[in-house]
Structure formats: structure tokens, C-alpha cells
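To be precise, the following lines are entry-v5.txt, and they hold compact mmCIF, C-alpha atoms.
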# COMPACT_ATOMS: atom_id res chain seq x y z
CA MET A 1 -10.17 16.30 -9.26
CA HIS A 2 -12.88 13.82 -8.37
CA ILE A 3 -16.18 14.03 -10.20
CA ILE A 4 -18.05 11.01 -8.78
CA ARG A 5 -18.14 9.56 -5.26
CA GLN A 6 -19.73 6.21 -4.54
CA LYS A 7 -19.90 3.42 -1.98
CA TRP A 8 -19.78 -0.17 -3.20
CA LEU A 9 -21.34 -2.59 -0.68
CA ASP A 10 -22.05 -6.33 -0.29
CA LEU A 11 -20.13 -7.38 -3.39
CA SER A 12 -19.89 -10.97 -4.59
CA PHE A 13 -17.06 -11.48 -7.10
CA LEU A 14 -17.52 -14.36 -9.56
CA HIS A 15 -14.74 -14.89 -12.10
CA TRP A 16 -14.28 -17.20 -15.07
CA ALA A 17 -10.83 -17.73 -16.61
CA VAL A 18 -10.81 -17.52 -20.43
CA GLU A 19 -8.31 -17.42 -23.24
CA PRO A 20 -7.39 -13.81 -24.10
CA ALA A 21 -8.08 -14.38 -27.79
CA ALA A 22 -11.67 -15.40 -27.00
CA VAL A 23 -12.55 -11.93 -25.70
CA ALA A 24 -10.01 -9.66 -27.44
CA HIS A 25 -12.66 -8.30 -29.83
CA TYR A 26 -14.50 -6.65 -26.92
CA PHE A 27 -11.64 -4.28 -26.09
CA PRO A 28 -11.59 -0.68 -27.34
CA PRO A 29 -8.70 0.58 -29.49
CA GLY A 30 -5.49 1.09 -27.55
CA THR A 31 -6.30 -1.62 -25.01
CA ARG A 32 -5.96 -5.40 -24.85
CA PRO A 33 -6.82 -8.19 -22.41
CA ASP A 34 -4.73 -8.03 -19.26
CA THR A 35 -3.54 -11.50 -18.24
CA PHE A 36 -2.60 -13.48 -15.16
CA GLU A 37 -0.49 -16.58 -15.82
CA GLY A 38 -1.53 -16.52 -19.46
CA ARG A 39 -5.28 -16.25 -18.87
CA THR A 40 -7.64 -13.32 -18.62
CA TYR A 41 -10.91 -13.22 -16.69
CA VAL A 42 -14.57 -12.39 -17.09
CA GLY A 43 -16.06 -10.97 -13.89
CA LEU A 44 -19.71 -11.07 -12.82
CA VAL A 45 -20.20 -8.77 -9.83
CA PRO A 46 -23.55 -8.11 -8.12
CA PHE A 47 -23.60 -5.51 -5.32
CA ARG A 48 -25.27 -2.51 -3.68
CA MET A 49 -24.19 1.00 -4.56
CA VAL A 50 -24.74 4.30 -2.78
CA MET A 51 -24.54 7.46 -4.89
CA LEU A 52 -27.09 10.09 -3.91
CA ARG A 53 -29.30 7.10 -3.06
CA SER A 54 -28.95 3.35 -2.61
CA PHE A 55 -29.57 1.04 -5.57
CA LEU A 56 -28.43 -2.31 -6.96
CA GLU A 57 -26.05 -3.16 -9.77
CA THR A 58 -24.78 -6.29 -11.49
CA ASN A 59 -21.95 -5.86 -13.96
CA ILE A 60 -20.09 -8.08 -16.38
CA ARG A 61 -16.54 -6.89 -16.86
CA LEU A 62 -13.21 -7.67 -18.49
CA TYR A 63 -9.67 -6.77 -17.43
CA SER A 64 -7.70 -4.39 -19.61
CA VAL A 65 -4.31 -2.78 -20.02
CA ASP A 66 -3.60 0.08 -22.40
CA THR A 67 -0.58 1.17 -24.42
CA ALA A 68 0.59 3.34 -21.48
CA GLY A 69 0.57 0.29 -19.20
CA ARG A 70 -2.46 1.40 -17.16
CA GLN A 71 -4.55 -1.49 -15.89
CA GLY A 72 -8.32 -1.14 -15.76
CA VAL A 73 -11.62 -2.74 -16.54
CA VAL A 74 -13.86 -2.77 -19.60
CA PHE A 75 -17.55 -3.11 -18.84
CA LEU A 76 -19.67 -5.23 -21.16
CA SER A 77 -22.84 -4.43 -19.20
CA LEU A 78 -23.94 -2.76 -15.99
CA ASP A 79 -27.50 -3.54 -14.95
CA ALA A 80 -29.05 -1.22 -12.35
CA ASN A 81 -32.48 -0.54 -10.91
CA TRP A 82 -32.21 3.25 -10.89
CA LEU A 83 -33.33 4.61 -14.26
CA PRO A 84 -31.86 8.15 -13.97
CA LEU A 85 -28.40 6.64 -13.48
CA VAL A 86 -28.86 4.32 -16.46
CA VAL A 87 -29.94 7.12 -18.77
CA GLY A 88 -27.41 9.67 -17.51
CA SER A 89 -24.38 7.36 -17.60
CA ARG A 90 -25.14 6.16 -21.11
CA ALA A 91 -25.67 9.70 -22.40
CA THR A 92 -22.67 11.41 -20.80
CA LEU A 93 -19.96 8.74 -20.67
CA GLY A 94 -21.21 6.00 -22.95
CA ILE A 95 -21.11 3.45 -20.11
CA PRO A 96 -23.29 0.45 -21.10
CA TYR A 97 -25.83 0.65 -18.26
CA ARG A 98 -29.12 -1.22 -18.64
CA TRP A 99 -32.32 -0.84 -16.64
CA ALA A 100 -33.33 -3.90 -14.62
CA ARG A 101 -35.64 -5.03 -11.85
CA MET A 102 -33.37 -6.20 -9.02
CA GLN A 103 -33.38 -7.48 -5.45
CA HIS A 104 -30.73 -8.20 -2.83
CA GLN A 105 -31.48 -10.25 0.27
CA GLN A 106 -29.13 -11.10 3.13
CA ASP A 107 -29.58 -13.79 5.75
CA GLY A 108 -26.46 -13.84 7.91
CA GLY A 109 -23.63 -14.67 5.52
CA TRP A 110 -26.00 -15.79 2.75
CA HIS A 111 -26.54 -13.25 -0.05
CA THR A 112 -29.10 -13.59 -2.84
CA TYR A 113 -29.10 -11.27 -5.85
CA THR A 114 -31.79 -11.36 -8.56
CA SER A 115 -31.99 -9.30 -11.72
CA THR A 116 -34.30 -9.11 -14.75
CA LEU A 117 -33.57 -6.78 -17.66
CA LEU A 118 -36.37 -4.36 -18.52
CA ARG A 119 -35.86 -4.18 -22.27
CA PRO A 120 -38.42 -4.68 -25.06
CA HIS A 121 -36.47 -7.42 -26.82
CA SER A 122 -34.59 -9.02 -23.92
CA LYS A 123 -35.86 -10.48 -20.66
CA ALA A 124 -32.48 -11.84 -19.57
CA SER A 125 -32.39 -12.60 -15.87
CA SER A 126 -30.15 -14.12 -13.23
CA LYS A 127 -30.14 -15.36 -9.65
CA ILE A 128 -26.90 -15.56 -7.69
CA GLU A 129 -26.56 -17.00 -4.20
CA THR A 130 -23.32 -16.86 -2.22
CA GLN A 131 -22.31 -17.95 1.26
CA VAL A 132 -19.61 -15.81 2.86
CA GLY A 133 -16.77 -17.56 4.66
CA GLU A 134 -13.60 -16.66 6.52
CA ARG A 135 -11.31 -13.71 5.84
CA LEU A 136 -9.21 -14.20 2.72
CA GLU A 137 -5.64 -12.94 2.62
CA PRO A 138 -5.32 -11.59 -0.94
CA GLY A 139 -2.76 -13.32 -3.14
CA PRO A 140 -1.50 -12.35 -6.60
CA LEU A 141 -4.73 -13.44 -8.32
CA GLU A 142 -6.95 -11.49 -5.90
CA HIS A 143 -4.81 -8.39 -6.43
CA PHE A 144 -5.07 -8.83 -10.20
CA LEU A 145 -8.87 -9.11 -10.05
CA THR A 146 -9.65 -6.35 -7.55
CA ALA A 147 -6.80 -3.80 -7.52
CA ARG A 148 -7.93 -2.05 -10.70
CA TRP A 149 -7.48 1.70 -10.60
CA GLY A 150 -9.52 2.82 -13.56
CA LEU A 151 -11.80 1.92 -16.40
CA HIS A 152 -11.41 2.18 -20.14
CA LEU A 153 -14.23 3.91 -22.02
CA HIS A 154 -14.88 4.22 -25.74
CA ARG A 155 -16.56 7.54 -26.42
CA ALA A 156 -16.75 9.81 -29.48
CA GLY A 157 -14.63 7.37 -31.48
CA ARG A 158 -11.78 7.41 -28.95
CA THR A 159 -10.68 5.42 -25.92
CA TRP A 160 -10.37 7.16 -22.56
CA TYR A 161 -9.05 6.14 -19.15
CA MET A 162 -11.13 7.13 -16.12
CA PRO A 163 -9.07 6.79 -12.90
CA THR A 164 -10.55 5.29 -9.73
CA GLU A 165 -9.45 5.51 -6.10
CA HIS A 166 -10.54 3.25 -3.24
CA PRO A 167 -8.99 1.58 -0.18
CA PRO A 168 -7.68 -1.98 -0.47
CA TRP A 169 -10.46 -4.55 -0.47
CA VAL A 170 -11.11 -6.63 2.65
CA LEU A 171 -11.99 -9.95 1.03
CA HIS A 172 -13.64 -13.11 2.31
CA ARG A 173 -13.80 -16.55 0.86
CA ALA A 174 -17.21 -17.30 -0.61
CA GLU A 175 -19.01 -20.32 -1.98
CA LEU A 176 -21.43 -20.13 -4.89
CA MET A 177 -24.57 -21.82 -3.57
CA GLY A 178 -26.79 -21.19 -6.56
CA PHE A 179 -26.48 -19.65 -10.01
CA GLU A 180 -29.30 -19.36 -12.52
CA ASP A 181 -28.40 -17.60 -15.75
CA ARG A 182 -31.39 -17.14 -18.03
CA GLY A 183 -29.72 -15.22 -20.81
CA LEU A 184 -27.54 -12.76 -18.87
CA PHE A 185 -24.20 -13.94 -20.24
CA ALA A 186 -25.77 -14.56 -23.65
CA SER A 187 -26.91 -10.92 -23.73
CA VAL A 188 -23.23 -9.88 -23.99
CA GLY A 189 -22.17 -12.75 -26.29
CA LEU A 190 -20.68 -15.00 -23.59
CA GLY A 191 -23.45 -17.55 -23.15
CA GLU A 192 -21.00 -20.46 -22.97
CA LEU A 193 -19.80 -19.31 -19.53
CA SER A 194 -23.14 -20.19 -17.95
CA ARG A 195 -22.43 -23.87 -18.65
CA ARG A 196 -19.54 -24.10 -16.16
CA PRO A 197 -18.91 -22.89 -12.62
CA PRO A 198 -16.70 -19.86 -11.95
CA ASP A 199 -13.01 -20.39 -11.29
CA HIS A 200 -12.87 -17.93 -8.40
CA VAL A 201 -15.46 -16.61 -5.93
CA ALA A 202 -14.95 -13.99 -3.21
CA PHE A 203 -16.93 -11.46 -1.21
CA SER A 204 -16.35 -8.00 0.26
CA ALA A 205 -18.48 -5.86 2.56
CA GLY A 206 -17.39 -2.91 0.43
CA VAL A 207 -15.32 0.23 0.01
CA PRO A 208 -15.85 3.93 -0.74
CA ALA A 209 -14.69 4.93 -4.21
CA ARG A 210 -13.94 8.09 -6.17
CA PHE A 211 -13.68 8.63 -9.93
CA GLY A 212 -11.56 11.28 -11.58
CA LEU A 213 -11.98 13.04 -14.91
CA PRO A 214 -11.41 10.81 -17.97
CA ARG A 215 -7.84 11.00 -19.31
CA GLY A 216 -6.75 10.49 -22.83
CA PRO A 217 -7.37 9.74 -25.49
CA VAL A 218 -5.50 6.45 -25.26
CA LEU A 219 -2.99 6.11 -28.08
CA PRO A 220 -3.61 3.13 -30.41
Could you show the structure in this file as C-alpha cells?
Amino acid sequence: MHIIRQKWLDLSFLHWAVEPAAVAHYFPPGTRPDTFEGRTYVGLVPFRMVMLRSFLETNIRLYSVDTAGRQGVVFLSLDANWLPLVVGSRATLGIPYRWARMQHQQDGGWHTYTSTLLRPHSKASSKIETQVGERLEPGPLEHFLTARWGLHLHRAGRTWYMPTEHPPWVLHRAELMGFEDRGLFASVGLGELSRRPPDHVAFSAGVPARFGLPRGPVLP
């Protein structure tokens, strides 16, 4: 049974490789950092979403695997410019959405995403500019980063797995043309990442996606 249908559009994928131990404390019980060649990754993904209406989102995410072997993502933050979604997702599923003022501009293959948190005690903001290149044939790393079929949630003191379905990504190479981080990574405790460029950048025009009912709880 699918409870949520979305379209994810104009996504830029920025990824930083990190040591698993450096981020292990972010993972809910029953999950741990998923790794590729001994490293795990922090993803920063700005994009457009369509769900009842069109809006913008920028998320910071980690890559997880649980005790049943299910691979997924753990969201540290999801900034969006549609307040009803922010409030509803936090209240019902405990997903860490945050309200932000956001813009997305496209000029040919050049994409610019800007975001400023609308919170009383945090004005964290970012500007991301990417230039889309040729079609990218996904390799093992691209599959690791994008073929994630669920997310792990911590709700009511337990960890749940929410399955996701979508077609395979059509990826393109992309170059990071500009990146201004004024407190975005620091707002989730990863401020050191803003001092170095990402290890992997890609782009996709998007996919439709469906979420199923949360499964679990995940055994510790």
C-alpha cells in the first residue's frame, strides 16, 4: 500500500566521503552507517518536489543499513518552502523538516538553488550552483548513493523503515560552480564539511516516487 506519491525534479547530488565513526552517533537504534569501500557519505541534495503542489527542498542525509540488512537513508534535515508540509511531516512521522525561504533558477544546464532557514535562532543559508554535463553511466558508487529503497525514522522511541519505490535514476555528470554555506552544515553539526569540496557531484532531471507504510519496529 502506498500512502504518499511525489515527483522529485531537477536534483543536484553533492556528496562528501567521511569516516563512519564520525557520523555514527546520528543513526537511530538498530541502524548503522552503510559503507562503500570503507567510507560512508553525507549527501546534500537540493531539488524541486511535486506533491499536491510544487515546492522546493534541500536535504542533508546519511546512508544507513539496519539489522535486517535493509539499506536506506537517515535525514538530518529537510528544508522546504511549504509550511503545511513542514508542520505535517514533523507532527505525523517525526521527519526533521524545517521551514525556509528558497529559490531555484535554471539557465540551460546551469542550476542555482538558494535557501535561508526561517527560524528564530538560526538564519543558516546556502547557495548552490551546478552545471549539468553529459549522461553518466552509473557505476557502483552511483548505485550506492542513489539506489536507496527506504528511509529510517525514529518515532515514539522506536526505529521504523519506510519503503520507497521509484524508477532507476537517469544521471548526468555535474560540476559544482559555486557553493556558499553560511551555517547550513553547522546547523546539523557538520560544519567542517563546508571547508572542502564534495567528493562526488551528479544531476538528475528526476523520477516519480511512492512511499509505503512504515515497517517495524527495527530490532536493535
Can you tell me which residues surround region 176-181 of chain A at a distance of at most 10 Å, considering only C-alpha atoms, apart from same-chain residues fewer than 5 positions away, and format the answer as a ChimeraX atom specification?
/A:12-14,110-115,124-132,186,191,193-195,197-198,200-202
Selection export as a PDB file, in the frame of the given file, atoms kept: C-alpha atoms:
ATOM      1  CA  SER A  12     -19.890 -10.970  -4.590  1.00  0.00           C
ATOM      2  CA  PHE A  13     -17.060 -11.480  -7.100  1.00  0.00           C
ATOM      3  CA  LEU A  14     -17.520 -14.360  -9.560  1.00  0.00           C
ATOM      4  CA  TRP A 110     -26.000 -15.790   2.750  1.00  0.00           C
ATOM      5  CA  HIS A 111     -26.540 -13.250  -0.050  1.00  0.00           C
ATOM      6  CA  THR A 112     -29.100 -13.590  -2.840  1.00  0.00           C
ATOM      7  CA  TYR A 113     -29.100 -11.270  -5.850  1.00  0.00           C
ATOM      8  CA  THR A 114     -31.790 -11.360  -8.560  1.00  0.00           C
ATOM      9  CA  SER A 115     -31.990  -9.300 -11.720  1.00  0.00           C
ATOM     10  CA  ALA A 124     -32.480 -11.840 -19.570  1.00  0.00           C
ATOM     11  CA  SER A 125     -32.390 -12.600 -15.870  1.00  0.00           C
ATOM     12  CA  SER A 126     -30.150 -14.120 -13.230  1.00  0.00           C
ATOM     13  CA  LYS A 127     -30.140 -15.360  -9.650  1.00  0.00           C
ATOM     14  CA  ILE A 128     -26.900 -15.560  -7.690  1.00  0.00           C
ATOM     15  CA  GLU A 129     -26.560 -17.000  -4.200  1.00  0.00           C
ATOM     16  CA  THR A 130     -23.320 -16.860  -2.220  1.00  0.00           C
ATOM     17  CA  GLN A 131     -22.310 -17.950   1.260  1.00  0.00           C
ATOM     18  CA  VAL A 132     -19.610 -15.810   2.860  1.00  0.00           C
ATOM     19  CA  ALA A 186     -25.770 -14.560 -23.650  1.00  0.00           C
ATOM     20  CA  GLY A 191     -23.450 -17.550 -23.150  1.00  0.00           C
ATOM     21  CA  LEU A 193     -19.800 -19.310 -19.530  1.00  0.00           C
ATOM     22  CA  SER A 194     -23.140 -20.190 -17.950  1.00  0.00           C
ATOM     23  CA  ARG A 195     -22.430 -23.870 -18.650  1.00  0.00           C
ATOM     24  CA  PRO A 197     -18.910 -22.890 -12.620  1.00  0.00           C
ATOM     25  CA  PRO A 198     -16.700 -19.860 -11.950  1.00  0.00           C
ATOM     26  CA  HIS A 200     -12.870 -17.930  -8.400  1.00  0.00           C
ATOM     27  CA  VAL A 201     -15.460 -16.610  -5.930  1.00  0.00           C
ATOM     28  CA  ALA A 202     -14.950 -13.990  -3.210  1.00  0.00           C
TER      29      ALA A 202
END
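Within 7 Å of region 33-47 of chain A there are Trp8, Leu9, Asp10, Leu11, Ser12, Phe13, Leu14, His15, Trp16, Ala17, Val18, Glu19, Pro20, Ala24, Leu56, Glu57, Thr58, Asn59, Ile60, Arg61, Leu62, Tyr63, Ser64, Val65 and Tyr113 of chain A, counting only C-alpha atoms and ignoring same-chain residues fewer than 6 positions away.
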CA of Thr159 (chain A) to CA of Met51 (chain A) measures 25.3 Å
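Here the question is which of A:Asp79, A:Ala156, A:Gly108, A:Gly139 gets nearest to Ala91 (chain A) using only C-alpha atoms, and that residue is A:Ala156.
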When you draw a straight line from CA of Glu165 (chain A) to CA of Val23 (chain A), how long is it in Å?
26.4 Å
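Going from CA of Arg135 (chain A) to CA of Val207 (chain A) covers 15.6 Å.
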Counting all atoms listed in the file, which residues have an atom no more than 10 Å from (-10.0, -0.7, -17.9) in the file's coordinates? Please list them as number ranges by chain.
A: 27-28, 31-34, 61-66, 70-75, 148-153, 160-163
